[in-house]
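The data block below is target_8.cif; it holds mmCIF, C-alpha atoms.
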data_final
loop_
_atom_site.label_atom_id
_atom_site.label_comp_id
_atom_site.auth_asym_id
_atom_site.auth_seq_id
_atom_site.Cartn_x
_atom_site.Cartn_y
_atom_site.Cartn_z
CA MET H 1 -37.48 12.63 -0.70
CA LYS H 2 -40.47 12.48 1.65
CA GLU H 3 -43.74 11.57 0.03
CA PRO H 4 -46.05 14.65 -0.08
CA VAL H 5 -49.44 14.52 1.56
CA LYS H 6 -50.84 15.13 -1.89
CA SER H 7 -49.31 14.21 -5.20
CA MET H 8 -50.00 16.97 -7.67
CA ASN H 9 -49.78 15.72 -11.22
CA ILE H 10 -47.89 17.60 -13.91
CA HIS H 11 -49.66 17.99 -17.21
CA SER H 12 -48.24 15.87 -20.00
CA ARG H 13 -47.51 18.97 -22.09
CA TYR H 14 -44.58 19.71 -19.76
CA VAL H 15 -43.26 16.13 -19.94
CA THR H 16 -40.46 15.36 -22.39
CA ASP H 17 -39.87 11.78 -21.19
CA PHE H 18 -42.13 9.76 -18.86
CA GLY H 19 -39.33 7.32 -18.00
CA THR H 20 -40.36 4.07 -16.30
CA ARG H 21 -42.02 5.53 -13.17
CA GLY H 22 -43.45 8.83 -14.39
CA LYS H 23 -46.75 8.19 -16.15
CA CYS H 24 -49.95 7.40 -14.29
CA PHE H 25 -52.03 4.79 -16.12
CA GLY H 26 -55.21 6.29 -14.67
CA CYS H 27 -54.98 10.01 -15.45
CA THR H 28 -52.20 9.67 -18.06
CA HIS H 29 -50.33 12.63 -16.57
CA ALA H 30 -46.92 12.68 -14.90
CA SER H 31 -46.84 12.36 -11.14
CA GLY H 32 -44.12 12.95 -8.61
CA PHE H 33 -44.74 9.52 -7.10
CA THR H 34 -46.25 6.38 -8.59
CA ALA H 35 -46.92 2.88 -7.29
CA GLU H 36 -47.14 -0.39 -9.18
CA ILE H 37 -50.60 -1.89 -8.68
CA LYS H 38 -51.61 -5.38 -9.78
CA THR H 39 -54.90 -5.32 -11.66
CA THR H 40 -57.18 -8.23 -12.52
CA GLY H 41 -56.40 -9.61 -15.96
CA LYS H 42 -54.08 -6.75 -16.84
CA GLY H 43 -50.95 -7.62 -14.94
CA SER H 44 -49.72 -4.49 -13.19
CA GLU H 45 -49.70 -0.78 -13.99
CA ARG H 46 -48.38 2.33 -12.30
CA TYR H 47 -50.76 4.84 -10.74
CA CYS H 48 -50.37 8.17 -8.99
CA LYS H 49 -51.43 8.57 -5.39
CA PHE H 50 -54.74 10.21 -6.27
CA CYS H 51 -55.73 7.39 -8.65
CA VAL H 52 -54.67 4.70 -6.17
CA THR H 53 -56.82 6.32 -3.46
CA GLN H 54 -59.83 6.51 -5.79
CA LYS H 55 -59.56 3.16 -7.61
CA PHE H 56 -57.64 0.86 -5.25
CA PRO H 57 -58.34 2.07 -1.70
CA GLU H 58 -57.45 -1.33 -0.19
CA ALA H 59 -54.16 -1.70 -2.05
CA LYS H 60 -50.88 -1.53 -0.12
CA ALA H 61 -49.07 0.79 -2.44
CA LYS H 62 -45.33 1.33 -2.34
CA TYR H 63 -44.63 4.67 -3.96
CA GLU H 64 -41.48 5.44 -5.90
CA LYS H 65 -40.26 8.80 -7.05
CA THR H 66 -40.69 9.57 -10.72
CA ASP H 67 -37.81 9.40 -13.18
CA ALA H 68 -39.62 11.51 -15.78
CA LYS H 69 -38.01 14.51 -17.46
CA PHE H 70 -39.71 17.89 -17.81
CA SER H 71 -39.35 21.07 -19.81
CA CYS H 72 -39.07 24.55 -18.32
CA PRO H 73 -42.36 25.62 -16.65
CA ALA H 74 -42.26 28.78 -18.76
CA CYS H 75 -41.83 26.90 -22.04
CA LEU H 76 -45.49 27.45 -23.04
CA SER H 77 -45.40 31.16 -22.45
CA LYS H 78 -46.56 33.24 -25.40
CA ASN H 79 -43.69 35.58 -24.73
CA GLU H 80 -40.71 33.92 -26.42
CA SER H 81 -38.27 35.92 -24.31
CA LEU H 82 -39.46 33.97 -21.26
CA ARG H 83 -38.62 30.56 -22.73
CA CYS H 84 -35.29 28.92 -21.87
CA ASN H 85 -36.06 25.74 -23.86
CA THR H 86 -34.69 23.42 -21.16
CA LYS H 87 -36.10 19.89 -21.61
CA GLU H 88 -34.19 17.67 -19.17
CA LEU H 89 -35.42 18.87 -15.77
CA THR H 90 -35.96 16.37 -12.98
CA TYR H 91 -39.04 16.47 -10.77
CA ASP H 92 -37.15 18.44 -8.10
CA GLU H 93 -35.63 20.87 -10.62
CA TYR H 94 -39.06 21.45 -12.18
CA TYR H 95 -40.66 22.48 -8.88
CA VAL H 96 -37.67 24.47 -7.63
CA GLY H 97 -37.52 26.27 -10.98
CA SER H 98 -33.75 26.02 -11.17
CA CYS H 99 -33.38 26.30 -14.93
CA CYS H 100 -34.02 30.04 -15.25
CA LYS H 101 -35.35 33.11 -13.45
CA ASN H 102 -38.75 32.90 -15.14
CA ALA H 103 -39.18 29.29 -14.03
CA GLY H 104 -38.53 30.39 -10.46
CA LEU H 105 -41.21 33.07 -10.73
CA TRP H 106 -43.64 30.53 -12.19
CA THR H 107 -42.92 28.17 -9.32
CA TYR H 108 -43.65 30.91 -6.83
CA LYS H 109 -46.88 32.25 -8.38
CA THR H 110 -48.65 29.12 -9.63
CA GLY H 111 -49.98 26.56 -7.14
CA LYS H 112 -48.24 28.49 -4.40
CA LEU H 113 -49.25 26.46 -1.34
CA PHE H 114 -48.57 23.02 -2.79
CA ARG H 115 -45.32 24.08 -4.40
CA GLN H 116 -44.07 25.63 -1.18
CA MET H 117 -44.75 22.33 0.57
CA THR H 118 -43.04 20.35 -2.19
CA VAL H 119 -40.00 22.62 -2.25
CA GLN H 120 -39.78 22.31 1.54
CA HIS H 121 -39.59 18.51 1.18
CA ILE H 122 -36.94 18.90 -1.50
CA TYR H 123 -34.97 21.23 0.78
CA GLU H 124 -35.08 18.75 3.67
CA ASP H 125 -33.82 15.99 1.40
CA ALA H 126 -31.07 18.28 0.09
CA ARG H 127 -29.93 18.96 3.67
CA LYS H 128 -29.84 15.24 4.42
CA ASP H 129 -27.85 14.58 1.26
CA GLU H 130 -25.45 17.37 2.18
CA ASP H 131 -25.00 15.96 5.70
CA SER H 132 -24.34 12.51 4.26
CA ALA H 133 -21.78 13.92 1.84
CA GLU H 134 -20.11 15.87 4.65
CA THR H 135 -19.90 12.72 6.76
CA ALA H 136 -18.38 10.86 3.81
CA VAL H 137 -15.75 13.60 3.43
CA GLU H 138 -14.91 13.46 7.14
CA ASN H 139 -14.54 9.68 6.98
CA ALA H 140 -12.35 9.98 3.90
CA ASP H 141 -10.17 12.61 5.61
CA ALA H 142 -9.78 10.35 8.63
CA LYS H 143 -8.67 7.52 6.37
CA VAL H 144 -6.16 9.85 4.70
CA VAL H 145 -4.69 10.78 8.09
CA GLU H 146 -4.46 7.11 9.04
CA ALA H 147 -2.86 6.28 5.69
CA LYS H 148 -0.27 9.03 6.22
CA LYS H 149 0.62 7.55 9.61
CA VAL H 150 1.02 4.12 8.05
CA LEU H 151 3.17 5.63 5.29
CA GLU H 152 5.37 7.42 7.83
CA ASN H 153 5.86 4.17 9.76
CA CYS H 154 6.71 2.34 6.54
CA GLU H 155 9.23 5.02 5.56
CA LYS H 156 10.81 4.84 9.02
CA THR H 157 11.02 1.06 8.79
CA ALA H 158 12.55 1.33 5.32
CA CYS H 159 15.20 3.78 6.57
CA GLU H 160 16.07 1.52 9.48
CA ALA H 161 16.30 -1.47 7.16
CA ALA H 162 18.57 0.48 4.80
CA HIS H 163 20.84 1.39 7.72
CA VAL H 164 21.02 -2.25 8.80
CA LEU H 165 21.81 -3.24 5.22
CA ASP H 166 24.69 -0.76 5.07
CA GLU H 167 26.12 -2.15 8.29
CA LYS H 168 25.79 -5.71 7.00
CA LYS H 169 27.55 -4.75 3.76
CA LYS H 170 30.42 -3.14 5.65
CA TRP H 171 30.81 -6.18 7.85
CA ARG H 172 30.66 -8.56 4.87
CA LYS H 173 33.39 -6.58 3.09
CA THR H 174 35.53 -6.63 6.21
CA VAL H 175 35.15 -10.39 6.59
CA GLN H 176 35.77 -10.87 2.87
CA LYS H 177 39.05 -8.95 3.05
CA ARG H 178 40.09 -10.93 6.09
CA ALA H 179 39.21 -14.21 4.38
CA LEU H 180 41.22 -13.25 1.29
CA PHE H 181 44.19 -12.34 3.42
CA LEU H 182 44.05 -15.59 5.40
CA ALA H 183 43.56 -17.64 2.23
CA ASN H 184 46.58 -15.97 0.67
CA GLU H 185 48.67 -16.70 3.75
CA ALA H 186 47.52 -20.31 3.80
CA MET H 187 48.37 -20.69 0.12
CA LYS H 188 51.89 -19.40 0.69
CA GLU H 189 52.35 -21.75 3.62
CA ASP H 190 51.06 -24.77 1.70
CA ASN H 191 53.38 -24.05 -1.23
CA SER H 192 56.48 -23.15 0.76
CA ASP H 193 58.25 -26.29 -0.53
CA LEU H 194 58.16 -24.88 -4.07
CA GLU H 195 60.40 -21.94 -3.23
CA ASP H 196 63.66 -23.97 -3.47
CA SER H 197 62.62 -26.21 -6.36
CA ASP H 198 64.12 -26.16 -9.83
CA TYR H 199 60.78 -25.16 -11.36
CA GLU H 200 61.17 -22.64 -14.14
CA PRO H 201 58.07 -20.50 -14.72
CA GLU H 202 56.77 -20.30 -18.24
CA ASP H 203 56.31 -17.08 -20.17
CA GLY H 204 53.84 -14.82 -18.39
CA GLU H 205 53.88 -16.74 -15.12
CA SER H 206 56.61 -14.53 -13.66
CA GLU H 207 54.56 -11.42 -14.34
CA ALA H 208 51.48 -13.03 -12.80
CA ALA H 209 53.53 -14.00 -9.75
CA GLU H 210 54.83 -10.46 -9.41
CA GLU H 211 51.29 -9.09 -9.64
CA ALA H 212 50.18 -11.56 -6.97
CA ASP H 213 53.06 -10.47 -4.74
CA GLU H 214 52.12 -6.83 -5.25
CA GLU H 215 48.52 -7.61 -4.39
CA HIS H 216 49.71 -9.48 -1.32
CA GLU H 217 51.80 -6.52 -0.24
CA PHE H 218 48.77 -4.28 -0.79
CA LEU H 219 46.67 -6.53 1.41
CA LEU H 220 49.37 -6.54 4.06
CA GLU H 221 49.47 -2.78 3.92
CA LYS H 222 45.69 -2.66 4.30
CA MET H 223 46.03 -5.01 7.26
CA SER H 224 48.31 -2.73 9.23
CA CYS H 225 47.63 -0.34 12.08
CA LYS H 226 47.19 3.26 10.98
CA VAL H 227 48.56 4.53 14.29
CA CYS H 228 51.76 2.56 14.91
CA MET H 229 52.02 1.32 11.27
CA GLU H 230 52.75 -2.23 12.49
CA LYS H 231 51.48 -5.07 10.32
CA PHE H 232 49.10 -7.52 11.88
CA ASP H 233 50.92 -10.84 12.15
CA ASP H 234 51.82 -13.44 14.77
CA GLU H 235 54.15 -10.99 16.51
CA HIS H 236 51.60 -8.19 16.39
CA PRO H 237 48.16 -9.85 16.55
CA GLU H 238 46.05 -7.12 18.16
CA ALA H 239 44.00 -6.41 15.02
CA THR H 240 40.58 -4.88 15.68
CA ILE H 241 37.81 -3.53 13.45
CA ILE H 242 36.08 -0.24 14.13
CA PRO H 243 32.36 0.09 13.17
CA CYS H 244 33.39 2.21 10.16
CA GLY H 245 35.27 -0.82 8.77
CA HIS H 246 38.87 0.33 9.29
CA LYS H 247 41.41 -1.61 11.37
CA SER H 248 43.93 -0.65 14.03
CA CYS H 249 45.64 -2.11 17.08
CA PHE H 250 43.49 -2.55 20.14
CA HIS H 251 46.24 -0.99 22.24
CA CYS H 252 46.52 2.02 19.92
CA LEU H 253 42.77 2.56 19.89
CA SER H 254 42.62 2.32 23.67
CA SER H 255 45.31 4.97 24.02
CA LEU H 256 43.61 7.50 21.74
CA PRO H 257 42.38 10.49 23.79
CA ASN H 258 39.56 11.14 21.32
CA LYS H 259 37.90 8.00 20.12
CA ALA H 260 37.87 8.71 16.36
CA CYS H 261 38.99 6.46 13.52
CA PRO H 262 42.61 7.26 12.51
CA THR H 263 41.62 6.79 8.86
CA CYS H 264 38.21 8.46 8.39
CA ARG H 265 37.78 10.23 11.76
CA ALA H 266 34.47 8.45 12.44
CA GLU H 267 33.70 8.44 16.15
CA PHE H 268 33.43 5.13 18.02
CA THR H 269 33.43 3.61 21.49
CA MET H 270 35.59 0.78 22.73
CA GLU H 271 32.44 -1.27 23.31
CA ASN H 272 31.85 -1.28 19.54
CA VAL H 273 35.37 -2.41 18.64
CA TYR H 274 35.53 -6.00 17.32
CA LYS H 275 38.69 -7.99 18.03
CA LEU H 276 40.11 -10.19 15.27
CA TYR H 277 42.52 -12.11 17.51
#
Take the structure in this file and express it as structure tokens.
Amino acid sequence: MKEPVKSMNIHSRYVTDFGTRGKCFGCTHASGFTAEIKTTGKGSERYCKFCVTQKFPEAKAKYEKTDAKFSCPACLSKNESLRCNTKELTYDEYYVGSCCKNAGLWTYKTGKLFRQMTVQHIYEDARKDEDSAETAVENADAKVVEAKKVLENCEKTACEAAHVLDEKKKWRKTVQKRALFLANEAMKEDNSDLEDSDYEPEDGESEAAEEADEEHEFLLEKMSCKVCMEKFDDEHPEATIIPCGHKSCFHCLSSLPNKACPTCRAEFTMENVYKLY
């Protein structure tokens, strides 16, 4: 708040709490502004503007707004119906008369000229505070907009990363199946000399062997073209993988009029087909 040209003191009977900057050591009343003045042999005391001008004209006073608390200006009225019994008014609230209608009338009628000037200062400060708050809101809104943009970019990046992860998983599964198939074929080739031996399987081994053969047949079935139904082997090596993960002959895929997976109908292009031979 701007410092008034004059600092009209408020009688102590309206003061409920002087605070630390409210009481003038000279006139003992509450003032809107006080300054701490160093005095000889007494340390320092706070004085209102009037007392500083009269007692310490050479002092360079730095005035601070009071933190005192006041009661309603109409609290001393003989008419009890006019009393609102408010006792925690600030300096600004006291002069504006914001606690009740009667306080507003008192503010208007008593000390009219000075109070109009004081209220005008309070109004100017209120406008500045409002402008500052409005600027803070605008800055906060701008940060919210920027944060939303960052969030949208992060969500987009996360979606793209999830898509890449799905593709990597599909490819890993495809390679894993191929590796299992090749390992199974290599195992059969390495143990081909055991087929004509006199080895008699123990109990349970025959069933395990049958299950392994069934699994092998299942893998062979999975590793066959879904168009011509030919198994992928040395005589028919044109195995290819479509982006969806299914396999077919390169020749069969090339001859399809509509490039769609024979298994799941997912569309593809020949540029995205990966050859396994």
Would you place a box with edges along x, y and z of the file around all atoms of region 271-275 of chain H listed there, add 4 Å to each of its six sides, and report the centre and edge lengths in Å to one decimal, as AutoDock Vina command-line options?
--center_x 35.3 --center_y -4.6 --center_z 20.3 --size_x 14.8 --size_y 14.7 --size_z 14.0
CA of Thr40 (chain H) to CA of Asn9 (chain H), distance in Å rounded to a single decimal:
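A separation of 25.1 Å between them.
Distances here use only C-alpha atoms; by that measure, the residue among H:Cys51, H:Glu45, H:Ile122, H:Lys177 closest to Cys27 (chain H) is H:Cys51.
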Smallest atom-to-atom distance to Val175 (chain H): which of H:Ala61, H:Ala147, H:Leu276, H:Val15, using only C-alpha atoms?
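So, comparing all the options, the nearest one is H:Leu276.
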Just the number, please: distance in Å from CA of Leu256 (chain H) to CA of Lys173 (chain H), one decimal.
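So the two atoms, CA of Leu256 (chain H) and CA of Lys173 (chain H), lie 25.5 Å apart.
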Do you know which residues the PyMOL selection byres ((chain H and resi 73) around 12) returns on this file, as a ChimeraX atom specification?
/H:10-16,69-72,74-77,82-91,93-110
